[in-house]
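Have a look at my_file-v9.cif below; it lists mmCIF, C-alpha atoms.
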data_input
#
loop_
_atom_site.label_atom_id
_atom_site.label_comp_id
_atom_site.auth_asym_id
_atom_site.auth_seq_id
_atom_site.Cartn_x
_atom_site.Cartn_y
_atom_site.Cartn_z
CA MET J 17 -126.15 108.42 18.12
CA TYR J 18 -126.07 105.33 20.35
CA ALA J 19 -128.52 102.60 19.38
CA ARG J 20 -130.36 100.54 21.97
CA VAL J 21 -129.64 96.82 21.51
CA MET J 22 -126.57 95.06 22.93
CA VAL J 23 -125.63 91.78 21.25
CA ASP J 24 -122.77 89.26 21.26
CA VAL J 25 -120.47 87.52 18.78
CA ALA J 26 -119.60 83.85 18.62
CA GLY J 27 -115.82 83.63 18.39
CA VAL J 28 -112.39 85.11 18.99
CA GLU J 29 -112.54 87.19 15.83
CA LEU J 30 -115.34 88.68 13.77
CA THR J 31 -116.81 86.88 10.80
CA GLN J 32 -118.07 88.84 7.82
CA GLU J 33 -121.60 88.11 9.06
CA ASP J 34 -120.69 89.62 12.45
CA LYS J 35 -119.32 92.75 10.80
CA GLU J 36 -122.50 93.32 8.82
CA PHE J 37 -124.69 92.56 11.83
CA LEU J 38 -122.87 95.02 14.11
CA LYS J 39 -123.38 97.77 11.53
CA HIS J 40 -127.17 97.46 11.84
CA PRO J 41 -128.66 100.81 12.96
CA ASN J 42 -130.26 99.23 16.05
CA VAL J 43 -127.06 97.59 17.37
CA GLY J 44 -125.60 99.83 20.05
CA GLY J 45 -123.38 97.52 22.05
CA VAL J 46 -121.48 94.23 22.24
CA ILE J 47 -121.00 92.09 25.34
CA ILE J 48 -117.87 89.93 25.59
CA PHE J 49 -118.06 86.35 26.89
CA ALA J 50 -115.37 83.85 27.89
CA ARG J 51 -115.66 82.19 24.48
CA ASN J 52 -114.44 85.42 22.88
CA PHE J 53 -111.22 85.36 24.89
CA GLU J 54 -108.01 83.42 24.26
CA ASN J 55 -105.46 85.93 25.51
CA ALA J 56 -105.11 89.65 26.04
CA ARG J 57 -103.52 90.36 22.66
CA GLN J 58 -106.25 88.49 20.79
CA LEU J 59 -109.01 90.21 22.76
CA GLN J 60 -107.49 93.61 22.10
CA ALA J 61 -107.57 92.82 18.38
CA LEU J 62 -111.20 91.67 18.60
CA VAL J 63 -112.21 94.87 20.38
CA LYS J 64 -110.46 96.88 17.66
CA GLN J 65 -112.38 94.92 15.00
CA ILE J 66 -115.64 95.70 16.79
CA ARG J 67 -114.81 99.41 17.01
CA LEU J 68 -114.13 99.52 13.26
CA CYS J 69 -117.71 98.37 12.58
CA LYS J 70 -119.28 101.42 14.17
CA SER J 71 -117.94 104.32 16.24
CA ASP J 72 -120.95 104.55 18.57
CA LEU J 73 -120.78 101.11 20.16
CA LEU J 74 -120.52 100.27 23.85
CA ILE J 75 -118.43 97.20 24.67
CA ALA J 76 -119.12 95.46 27.97
CA VAL J 77 -118.20 92.33 29.93
CA ASP J 78 -119.16 90.61 33.19
CA GLN J 79 -115.95 90.77 35.23
CA GLU J 80 -117.27 90.57 38.79
CA GLY J 81 -114.70 88.16 40.19
CA GLY J 82 -115.24 84.75 41.78
CA ARG J 83 -117.71 82.65 39.79
CA VAL J 84 -118.37 85.40 37.28
CA GLN J 85 -115.12 86.39 35.59
CA ARG J 86 -115.05 86.14 31.80
CA LEU J 87 -111.41 87.18 31.39
CA ASP J 88 -108.69 85.09 33.05
CA LYS J 89 -105.09 84.06 32.23
CA GLU J 90 -103.20 87.40 32.08
CA PHE J 91 -105.98 89.12 34.02
CA SER J 92 -105.95 89.19 37.82
CA LYS J 93 -107.86 86.40 39.55
CA LEU J 94 -110.42 88.39 41.47
CA PRO J 95 -112.11 87.01 44.60
CA PRO J 96 -115.91 87.04 44.89
CA LEU J 97 -117.25 90.28 46.33
CA ALA J 98 -118.22 88.44 49.54
CA ALA J 99 -114.51 88.20 50.35
CA ILE J 100 -114.40 92.00 50.65
CA GLY J 101 -117.40 91.90 52.96
CA LYS J 102 -115.62 89.44 55.26
CA ILE J 103 -112.59 91.71 55.45
CA TYR J 104 -114.93 94.64 56.18
CA ASP J 105 -116.43 92.69 59.10
CA LYS J 106 -112.98 92.23 60.63
CA ASN J 107 -111.69 95.74 59.92
CA VAL J 108 -113.95 98.37 58.35
CA GLU J 109 -111.15 100.63 57.16
CA ARG J 110 -109.21 97.80 55.54
CA GLY J 111 -112.37 96.44 53.95
CA LEU J 112 -113.10 99.79 52.32
CA THR J 113 -109.49 100.12 51.17
CA VAL J 114 -109.60 96.65 49.61
CA ALA J 115 -112.94 97.48 47.95
CA TYR J 116 -111.54 100.66 46.42
CA ASN J 117 -108.38 98.97 45.15
CA LEU J 118 -110.10 95.89 43.74
CA GLY J 119 -112.62 98.12 41.97
CA TRP J 120 -109.71 100.06 40.49
CA LEU J 121 -107.83 96.89 39.53
CA MET J 122 -110.78 95.24 37.80
CA ALA J 123 -111.63 98.42 35.91
CA THR J 124 -108.06 99.25 34.93
CA GLU J 125 -107.45 95.81 33.44
CA VAL J 126 -110.75 95.76 31.53
CA LEU J 127 -110.25 99.29 30.21
CA SER J 128 -106.69 98.51 29.13
CA ILE J 129 -108.07 96.15 26.46
CA GLY J 130 -110.44 98.81 25.13
CA ILE J 131 -113.63 97.47 26.75
CA ASP J 132 -115.80 100.28 28.14
CA PHE J 133 -117.20 98.72 31.30
CA SER J 134 -118.01 95.66 33.33
CA PHE J 135 -121.59 95.13 34.51
CA ALA J 136 -120.57 95.60 38.14
CA PRO J 137 -120.97 95.71 41.04
CA ILE J 138 -123.66 93.42 42.42
CA LEU J 139 -125.79 95.35 44.92
CA ASP J 140 -127.96 92.38 45.87
CA VAL J 141 -128.22 91.28 49.48
CA GLN J 142 -126.31 88.12 50.37
CA ASN J 143 -128.86 85.60 51.56
CA GLU J 144 -128.56 81.84 51.96
CA ILE J 145 -131.87 81.39 50.16
CA SER J 146 -130.51 82.56 46.79
CA ARG J 147 -129.17 79.92 44.40
CA ILE J 148 -127.62 82.41 41.98
CA ILE J 149 -126.32 85.36 44.04
CA GLY J 150 -124.59 83.93 47.12
CA ASP J 151 -120.96 85.06 47.36
CA ARG J 152 -121.38 87.35 44.35
CA ALA J 153 -122.81 89.86 46.84
CA PHE J 154 -120.73 92.01 49.17
CA HIS J 155 -122.69 91.42 52.37
CA SER J 156 -125.99 90.47 54.01
CA ASN J 157 -126.43 93.92 55.59
CA PRO J 158 -127.80 96.48 53.10
CA ASN J 159 -126.04 99.42 54.75
CA ALA J 160 -122.72 97.55 54.63
CA ILE J 161 -123.34 96.74 50.96
CA ALA J 162 -123.92 100.40 50.17
CA LYS J 163 -120.76 101.51 51.97
CA ILE J 164 -118.49 98.83 50.49
CA ALA J 165 -119.96 99.34 47.01
CA GLU J 166 -119.47 103.09 47.31
CA PHE J 167 -115.72 102.57 47.70
CA TYR J 168 -115.59 99.84 45.03
CA ILE J 169 -117.32 102.23 42.61
CA LYS J 170 -114.93 105.07 43.53
CA GLY J 171 -112.07 102.77 42.57
CA MET J 172 -113.75 101.92 39.25
CA GLU J 173 -114.37 105.57 38.48
CA ASN J 174 -110.79 106.52 39.38
CA ALA J 175 -109.68 104.05 36.71
CA GLY J 176 -112.08 105.59 34.19
CA MET J 177 -115.04 103.17 34.30
CA LYS J 178 -118.66 103.87 35.18
CA ALA J 179 -120.50 101.41 37.42
CA THR J 180 -123.68 99.41 36.81
CA GLY J 181 -125.51 98.27 39.95
CA LYS J 182 -127.48 95.06 39.62
CA HIS J 183 -130.07 93.51 39.99
CA TYR J 184 -132.58 96.26 40.93
CA PRO J 185 -134.57 96.13 43.19
CA GLY J 186 -132.77 93.03 44.52
CA HIS J 187 -132.29 89.38 43.56
CA GLY J 188 -130.61 88.11 46.74
CA SER J 189 -133.72 87.19 48.72
CA ILE J 190 -135.20 84.98 45.99
CA ALA J 191 -134.43 81.26 45.70
CA PRO J 192 -135.09 80.64 41.97
CA ASP J 193 -132.51 81.52 39.32
CA SER J 194 -134.03 83.84 36.69
CA HIS J 195 -131.72 82.36 34.03
CA VAL J 196 -133.81 79.19 34.06
CA GLU J 197 -137.00 80.05 36.01
CA ILE J 198 -139.57 82.84 36.38
CA PRO J 199 -139.04 83.91 40.01
CA GLU J 200 -141.70 85.57 42.13
CA ASP J 201 -141.22 87.60 45.29
CA ASN J 202 -144.40 87.87 47.36
CA ARG J 203 -143.12 90.36 49.94
CA SER J 204 -144.62 93.81 50.42
CA ILE J 205 -142.97 96.92 49.02
CA THR J 206 -142.14 97.90 52.62
CA GLN J 207 -140.24 94.67 53.23
CA ILE J 208 -138.37 94.99 49.94
CA SER J 209 -137.56 98.65 50.57
CA GLU J 210 -136.16 98.01 54.04
CA LEU J 211 -133.76 95.31 52.84
CA ASP J 212 -133.04 94.61 49.16
CA LEU J 213 -133.87 98.02 47.71
CA LEU J 214 -131.87 99.98 50.28
CA PRO J 215 -128.37 99.62 48.70
CA PHE J 216 -129.76 100.77 45.35
CA LYS J 217 -131.45 103.76 46.95
CA LEU J 218 -128.30 104.80 48.82
CA LEU J 219 -126.07 104.41 45.76
CA VAL J 220 -128.49 106.31 43.52
CA GLU J 221 -128.21 109.16 46.03
CA LYS J 222 -124.42 108.97 45.53
CA GLY J 223 -124.79 109.40 41.76
CA LEU J 224 -124.71 105.81 40.45
CA THR J 225 -124.38 105.94 36.64
CA ALA J 226 -126.30 102.81 35.61
CA LEU J 227 -128.60 100.06 36.87
CA MET J 228 -129.74 96.66 35.64
CA PRO J 229 -133.19 95.48 36.81
CA ALA J 230 -134.03 91.88 37.66
CA HIS J 231 -136.25 89.42 35.80
CA ILE J 232 -138.31 88.91 38.97
CA ILE J 233 -142.02 89.49 39.51
CA TYR J 234 -142.59 91.33 42.80
CA THR J 235 -146.22 90.33 43.03
CA GLN J 236 -147.30 92.88 45.64
CA VAL J 237 -145.97 95.74 43.48
CA ASP J 238 -146.65 94.76 39.86
CA SER J 239 -147.65 91.70 37.81
CA LEU J 240 -144.68 92.17 35.46
CA PRO J 241 -140.98 91.44 36.11
CA ALA J 242 -139.07 94.55 37.19
CA CYS J 243 -137.26 94.76 33.86
CA PHE J 244 -140.61 95.27 32.08
CA SER J 245 -142.40 97.23 34.79
CA LYS J 246 -143.22 100.93 34.46
CA VAL J 247 -143.99 100.87 38.17
CA TRP J 248 -140.44 99.79 39.06
CA LEU J 249 -138.59 101.71 36.37
CA GLN J 250 -140.57 104.91 35.91
CA GLN J 251 -142.71 105.45 38.99
CA LEU J 252 -140.24 104.22 41.61
CA LEU J 253 -136.75 104.43 40.05
CA ARG J 254 -137.05 107.54 37.87
CA GLY J 255 -139.76 109.13 39.99
CA GLU J 256 -139.35 108.45 43.71
CA LEU J 257 -135.60 107.67 43.66
CA ASN J 258 -134.91 110.39 41.06
CA PHE J 259 -132.49 108.16 39.15
CA LYS J 260 -131.01 110.02 36.16
CA GLY J 261 -128.67 107.32 34.84
CA VAL J 262 -128.75 104.46 32.35
CA ILE J 263 -131.07 101.47 32.68
CA PHE J 264 -129.80 98.27 31.03
CA SER J 265 -132.12 95.29 30.73
CA ASP J 266 -130.81 91.93 31.86
CA ASP J 267 -130.44 89.39 29.06
CA LEU J 268 -133.79 89.03 27.30
CA CYS J 269 -132.92 85.42 26.41
CA MET J 270 -133.11 84.42 30.09
CA HIS J 271 -136.10 82.30 31.04
CA GLY J 272 -137.23 84.95 33.51
CA ALA J 273 -138.03 87.19 30.54
CA SER J 274 -140.01 84.54 28.63
CA ILE J 275 -143.27 85.59 30.27
CA MET J 276 -143.28 88.61 27.95
CA GLY J 277 -143.55 86.58 24.72
CA SER J 278 -141.21 86.58 21.73
CA HIS J 279 -137.77 88.14 21.94
CA LEU J 280 -139.04 91.10 19.92
CA ASP J 281 -142.01 91.48 22.27
CA ARG J 282 -139.62 91.37 25.23
CA ALA J 283 -137.44 94.08 23.73
CA LYS J 284 -140.39 96.32 22.95
CA ALA J 285 -141.79 95.85 26.46
CA ALA J 286 -138.44 96.57 28.16
CA LEU J 287 -137.87 99.74 26.11
CA SER J 288 -141.45 100.87 26.69
CA ALA J 289 -141.08 100.31 30.44
CA GLY J 290 -138.02 102.53 30.57
CA CYS J 291 -134.90 100.53 29.70
CA ASP J 292 -132.37 102.54 27.70
CA MET J 293 -130.58 99.51 26.23
CA VAL J 294 -131.67 95.88 26.00
CA LEU J 295 -129.36 92.84 25.97
CA VAL J 296 -130.06 89.90 23.65
CA CYS J 297 -127.33 87.31 24.19
CA ASN J 298 -126.29 83.84 23.00
CA ASP J 299 -128.98 83.57 20.34
CA ARG J 300 -128.18 85.26 17.01
CA ALA J 301 -131.60 84.45 15.57
CA ALA J 302 -133.27 86.15 18.54
CA ALA J 303 -130.94 89.15 18.30
CA THR J 304 -131.63 89.44 14.57
CA SER J 305 -135.38 89.37 15.14
CA VAL J 306 -135.03 92.19 17.67
CA VAL J 307 -132.76 94.53 15.71
CA GLU J 308 -134.70 94.03 12.50
CA GLY J 309 -138.14 94.20 14.10
CA LEU J 310 -137.81 97.21 16.37
CA GLY J 311 -137.81 99.95 13.76
CA ASP J 312 -136.26 103.27 14.68
CA VAL J 313 -136.07 103.50 18.49
CA THR J 314 -133.16 105.96 18.69
CA ASP J 315 -133.62 108.75 21.19
CA LYS J 316 -131.32 111.75 21.67
CA GLU J 317 -131.75 111.89 25.45
CA VAL J 318 -131.15 108.14 25.80
CA SER J 319 -128.10 108.39 23.53
CA ILE J 320 -126.60 111.06 25.76
CA ARG J 321 -127.11 108.83 28.81
CA LEU J 322 -125.57 105.85 27.03
CA SER J 323 -122.56 107.90 25.94
CA SER J 324 -121.69 108.38 29.62
CA MET J 325 -120.77 104.68 29.77
CA ARG J 326 -117.82 105.02 27.39
CA GLY J 327 -114.65 104.06 29.22
CA ARG J 328 -111.62 106.24 29.72
CA ARG J 329 -108.52 104.10 29.28
CA TYR J 330 -106.12 104.56 32.21
CA MET J 331 -103.23 102.64 30.62
CA THR J 332 -102.72 100.03 27.93
CA PHE J 333 -102.42 96.35 28.83
CA SER J 334 -98.72 96.37 27.95
CA GLU J 335 -98.16 99.23 30.41
CA LEU J 336 -99.76 97.45 33.35
CA GLU J 337 -96.81 95.33 34.46
CA THR J 338 -94.51 98.36 34.68
CA SER J 339 -97.04 100.46 36.57
CA PRO J 340 -96.09 100.91 40.28
CA ARG J 341 -99.75 101.34 41.20
CA TRP J 342 -100.79 98.14 39.42
CA GLN J 343 -97.93 96.23 41.06
CA ALA J 344 -98.84 97.52 44.52
CA THR J 345 -102.52 96.66 43.99
CA LYS J 346 -101.59 93.16 42.83
CA GLU J 347 -99.59 92.69 46.04
CA MET J 348 -102.63 93.74 48.04
CA LEU J 349 -104.77 91.29 46.04
CA ASN J 350 -102.29 88.48 46.74
CA SER J 351 -102.51 89.20 50.46
CA VAL J 352 -106.30 88.96 50.24
CA LEU J 353 -106.10 85.67 48.34
CA LYS J 354 -103.67 84.22 50.92
CA ASN J 355 -105.76 85.31 53.91
CA LYS J 356 -106.86 81.99 55.37
CA ASP J 357 -109.49 83.71 57.52
CA VAL J 358 -111.38 84.74 54.38
CA VAL J 359 -113.05 81.65 52.95
CA TYR J 360 -114.45 81.76 49.41
#
Can the structure from this file be put into structure tokens for me?
Amino acid sequence: MYARVMVDVAGVELTQEDKEFLKHPNVGGVIIFARNFENARQLQALVKQIRLCKSDLLIAVDQEGGRVQRLDKEFSKLPPLAAIGKIYDKNVERGLTVAYNLGWLMATEVLSIGIDFSFAPILDVQNEISRIIGDRAFHSNPNAIAKIAEFYIKGMENAGMKATGKHYPGHGSIAPDSHVEIPEDNRSITQISELDLLPFKLLVEKGLTALMPAHIIYTQVDSLPACFSKVWLQQLLRGELNFKGVIFSDDLCMHGASIMGSHLDRAKAALSAGCDMVLVCNDRAAATSVVEGLGDVTDKEVSIRLSSMRGRRYMTFSELETSPRWQATKEMLNSVLKNKDVVY
């Protein structure tokens, strides 16, 4: 049975305290950060240590590319997703091919270490107003985002990884950064639906496995941030969009979540609103208060959904360099990186 809190660990190997903490009945996942990574061999050993703590644990990472890439060195240097959008603008077919192959490459490398999935891709609209999204997004046109992301996700799934679209219903049109502020969006539901929400809607129709809602208050829709809103998660996402997949909260330690009270209050509110798993990162005291304070929140139906996020390893890390497909995809990536017409 998969539990419903995702936490983190401090170093490149587990301490005894970590091992005991990860065995807690409410811990259901671990997210890897750059501080947990020295090299591929070390990370593989850390993942193995984590797996030994509990069999039903999801292990995740943020490996988007560009500014958000936790794993470097032996891992491919991935361009920001906006680079794919620029290729798409020049040549649609090539843009979709690059999207598919970079999705496959990212997923294959992450899976090869034993990590289940990356929280990817970003489905937010690229908008100059945003201080946090920017080139993390594929494109400024929601239909283009949906098409490029569709192929990126197909590449991920071909490698054995399920996708998580973020940040529902859209973070790209908001200036403040929810890591450090409590953003508000005062647009109508019609305006949001015609722009930011559209890629999510189109990808849900294609069978998207998971979503992560934003810590943004859409004031014309609900007084609560989307991550804590039954309107956004149950009425609109589960109801009108008929989404059947996993809902992950964004990190409950972000300032955008602080409006909901203590970390335990935030976790309770997110789960009550409809999140299947909540993330509590970079604050062990906060994570401890959540896992110890929640009580039994296991749910068979939720556990089945969460189990769908387990990765299927395509090849081991040591097999990558001898793989013709990996070599060919790396050559394609190098051509993208050398393309002087694509600025990022």
Check your understanding: What does the PyMOL selection byres ((chain J and resi 311-316) around 12) select in this file, as a PyMOL selection string?
Key -> chain J and resi 17-21+40-44+280+283-284+287-288+291-294+305-310+317-323
**Study point:** Neighbour list for Gly45 (chain J) as JSON, numbers by chain, cut-off 7 Å, all atoms listed in the file, skip fewer than 2 positions in-chain
**Key:** {"J": [21, 22, 23, 43, 47, 73, 74, 75]}
Review point. Written as a ChimeraX atom specification, which residues does the PyMOL selection byres ((chain J and resi 223) around 10) give for the file shown?
Key: /J:166,218-222,224-226,259-261
Check your understanding: Counting only C-alpha atoms, which of J:Gln79, J:Thr338, J:Gln343, J:Asn355 gets nearest to Pro137 (chain J)?
Key ->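 With only C-alpha atoms as the atom set, the closest residue is J:Gln79.
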Convert the output of the PyMOL selection byres ((chain J and resi 178) around 7) on the shown file into explicit residues, formatted as a compact mmCIF listing (two decimals) with C-alpha atoms, in the coordinates of the input.
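Final output, result.txt:
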# COMPACT_ATOMS: atom_id res chain seq x y z
CA PHE J 133 -117.20 98.72 31.30
CA MET J 172 -113.75 101.92 39.25
CA GLU J 173 -114.37 105.57 38.48
CA GLY J 176 -112.08 105.59 34.19
CA MET J 177 -115.04 103.17 34.30
CA ALA J 179 -120.50 101.41 37.42
CA THR J 180 -123.68 99.41 36.81
CA THR J 225 -124.38 105.94 36.64
CA MET J 325 -120.77 104.68 29.77
**Study point:** J:Ala26, J:Ala76, J:Met228, J:Leu240 ranked by distance to Val46 (chain J), top pick (using all atoms listed in the file)
**Key:**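 So, comparing all the options, the nearest one is J:Ala76.
For the residues J:Thr235, J:Asn174, J:Gln65, J:Asn202, ranking by smallest atom-to-atom distance to Leu38 (chain J) using only C-alpha atoms places J:Gln65 first.
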Review point. Looking at J:Val141, J:Met331, J:Ala302, J:Leu97, which one is nearest to Val84 (chain J), with distances taken over all atoms listed in the file?
Key: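 Nearest candidate to Val84 (chain J) out of J:Val141, J:Met331, J:Ala302, J:Leu97: J:Leu97.
CA of Ser128 (chain J) sits 14.5 Å away from CA of Ile48 (chain J).
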Point (-104.7, 89.0, 45.8) neighbourhood (10 Å, all atoms listed in the file) written as a PDB file with C-alpha atoms, in the coordinates of the input:
ATOM      1  CA  SER J  92    -105.950  89.190  37.820  1.00  0.00           C
ATOM      2  CA  LYS J  93    -107.860  86.400  39.550  1.00  0.00           C
ATOM      3  CA  LEU J  94    -110.420  88.390  41.470  1.00  0.00           C
ATOM      4  CA  PRO J  95    -112.110  87.010  44.600  1.00  0.00           C
ATOM      5  CA  VAL J 114    -109.600  96.650  49.610  1.00  0.00           C
ATOM      6  CA  LEU J 118    -110.100  95.890  43.740  1.00  0.00           C
ATOM      7  CA  THR J 345    -102.520  96.660  43.990  1.00  0.00           C
ATOM      8  CA  LYS J 346    -101.590  93.160  42.830  1.00  0.00           C
ATOM      9  CA  GLU J 347     -99.590  92.690  46.040  1.00  0.00           C
ATOM     10  CA  MET J 348    -102.630  93.740  48.040  1.00  0.00           C
ATOM     11  CA  LEU J 349    -104.770  91.290  46.040  1.00  0.00           C
ATOM     12  CA  ASN J 350    -102.290  88.480  46.740  1.00  0.00           C
ATOM     13  CA  SER J 351    -102.510  89.200  50.460  1.00  0.00           C
ATOM     14  CA  VAL J 352    -106.300  88.960  50.240  1.00  0.00           C
ATOM     15  CA  LEU J 353    -106.100  85.670  48.340  1.00  0.00           C
ATOM     16  CA  LYS J 354    -103.670  84.220  50.920  1.00  0.00           C
ATOM     17  CA  ASN J 355    -105.760  85.310  53.910  1.00  0.00           C
TER      18      ASN J 355
END
Exercise for review: Considering only C-alpha atoms, state which residue in the set J:Leu211, J:Ala136, J:Leu112, J:Val247 is at the smallest distance from Lys163 (chain J).
Suggested key: J:Leu112
Review point. How far is it from CA of Val77 (chain J) to CA of Ser134 (chain J), in Å with one decimal?
Key: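 Interatomic distance, CA of Val77 (chain J) to CA of Ser134 (chain J): 4.8 Å.
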**Study point:** Top pick for closest residue to Ile138 (chain J), considering J:Met122, J:Cys269, J:Asp281, J:Ala162 and counting only C-alpha atoms
**Key:**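 Checking each candidate against Ile138 (chain J), we get J:Ala162 as the closest.
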Exercise for review: For CA of Thr206 (chain J) and CA of Trp248 (chain J), quote the distance in Å rounded to one decimal.
Suggested key: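 Straight-line distance from CA of Thr206 (chain J) to CA of Trp248 (chain J) works out to 13.8 Å.
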Around (-113.8, 98.0, 22.3) in the file's own coordinates, what residues are found within 7 Å if you use only C-alpha atoms, given back as a PDB file with C-alpha atoms, in the coordinates of the input?
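The result, stored in result-v3.pdb:
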ATOM      1  CA  VAL J  63    -112.210  94.870  20.380  1.00  0.00           C
ATOM      2  CA  LYS J  64    -110.460  96.880  17.660  1.00  0.00           C
ATOM      3  CA  ILE J  66    -115.640  95.700  16.790  1.00  0.00           C
ATOM      4  CA  ARG J  67    -114.810  99.410  17.010  1.00  0.00           C
ATOM      5  CA  ILE J  75    -118.430  97.200  24.670  1.00  0.00           C
ATOM      6  CA  GLY J 130    -110.440  98.810  25.130  1.00  0.00           C
ATOM      7  CA  ILE J 131    -113.630  97.470  26.750  1.00  0.00           C
ATOM      8  CA  ASP J 132    -115.800 100.280  28.140  1.00  0.00           C
TER       9      ASP J 132
END
Exercise for review: Within 10 Å of Tyr104 (chain J), counting only C-alpha atoms, which residues show up once you throw out same-chain ones fewer than 2 positions away? Write them as number ranges by chain, please.
Suggested key: J: 98-102, 106-115, 154-155, 160, 163-164
Kindly list the centre and edge lengths in Å, rounded to one decimal, for the axis-aligned box that covers all listed atoms of region 138-153 of chain J plus 4 Å on each of its six sides, as lines of an AutoDock Vina configuration file.
center_x = -126.4
center_y = 87.6
center_z = 47.0
size_x = 18.9
size_y = 23.4
size_z = 18.0
Would you pick out the contacts of Glu210 (chain J) at 12 Å or less, using all atoms listed in the file, so that residues sharing its chain but fewer than 3 positions from it are not included, and give the list as a PDB file with C-alpha atoms, in the frame of the given file?
ATOM      1  CA  VAL J 141    -128.220  91.280  49.480  1.00  0.00           C
ATOM      2  CA  ASN J 157    -126.430  93.920  55.590  1.00  0.00           C
ATOM      3  CA  PRO J 158    -127.800  96.480  53.100  1.00  0.00           C
ATOM      4  CA  ASN J 159    -126.040  99.420  54.750  1.00  0.00           C
ATOM      5  CA  PRO J 185    -134.570  96.130  43.190  1.00  0.00           C
ATOM      6  CA  GLY J 186    -132.770  93.030  44.520  1.00  0.00           C
ATOM      7  CA  ARG J 203    -143.120  90.360  49.940  1.00  0.00           C
ATOM      8  CA  SER J 204    -144.620  93.810  50.420  1.00  0.00           C
ATOM      9  CA  ILE J 205    -142.970  96.920  49.020  1.00  0.00           C
ATOM     10  CA  THR J 206    -142.140  97.900  52.620  1.00  0.00           C
ATOM     11  CA  GLN J 207    -140.240  94.670  53.230  1.00  0.00           C
ATOM     12  CA  LEU J 213    -133.870  98.020  47.710  1.00  0.00           C
ATOM     13  CA  LEU J 214    -131.870  99.980  50.280  1.00  0.00           C
ATOM     14  CA  PRO J 215    -128.370  99.620  48.700  1.00  0.00           C
ATOM     15  CA  PHE J 216    -129.760 100.770  45.350  1.00  0.00           C
ATOM     16  CA  LYS J 217    -131.450 103.760  46.950  1.00  0.00           C
ATOM     17  CA  LEU J 218    -128.300 104.800  48.820  1.00  0.00           C
TER      18      LEU J 218
END
Point to revise | Contacts of Glu200 (chain J) at 8 Å (only C-alpha atoms; same-chain gap of 4+ positions) as a PyMOL selection string | key: chain J and resi 190+232-235
For the residues selected in the previous step, produce a file with C-alpha atoms as a PDB file, in the frame of the given file.
ATOM      1  CA  ILE J 190    -135.200  84.980  45.990  1.00  0.00           C
ATOM      2  CA  ILE J 232    -138.310  88.910  38.970  1.00  0.00           C
ATOM      3  CA  ILE J 233    -142.020  89.490  39.510  1.00  0.00           C
ATOM      4  CA  TYR J 234    -142.590  91.330  42.800  1.00  0.00           C
ATOM      5  CA  THR J 235    -146.220  90.330  43.030  1.00  0.00           C
TER       6      THR J 235
END
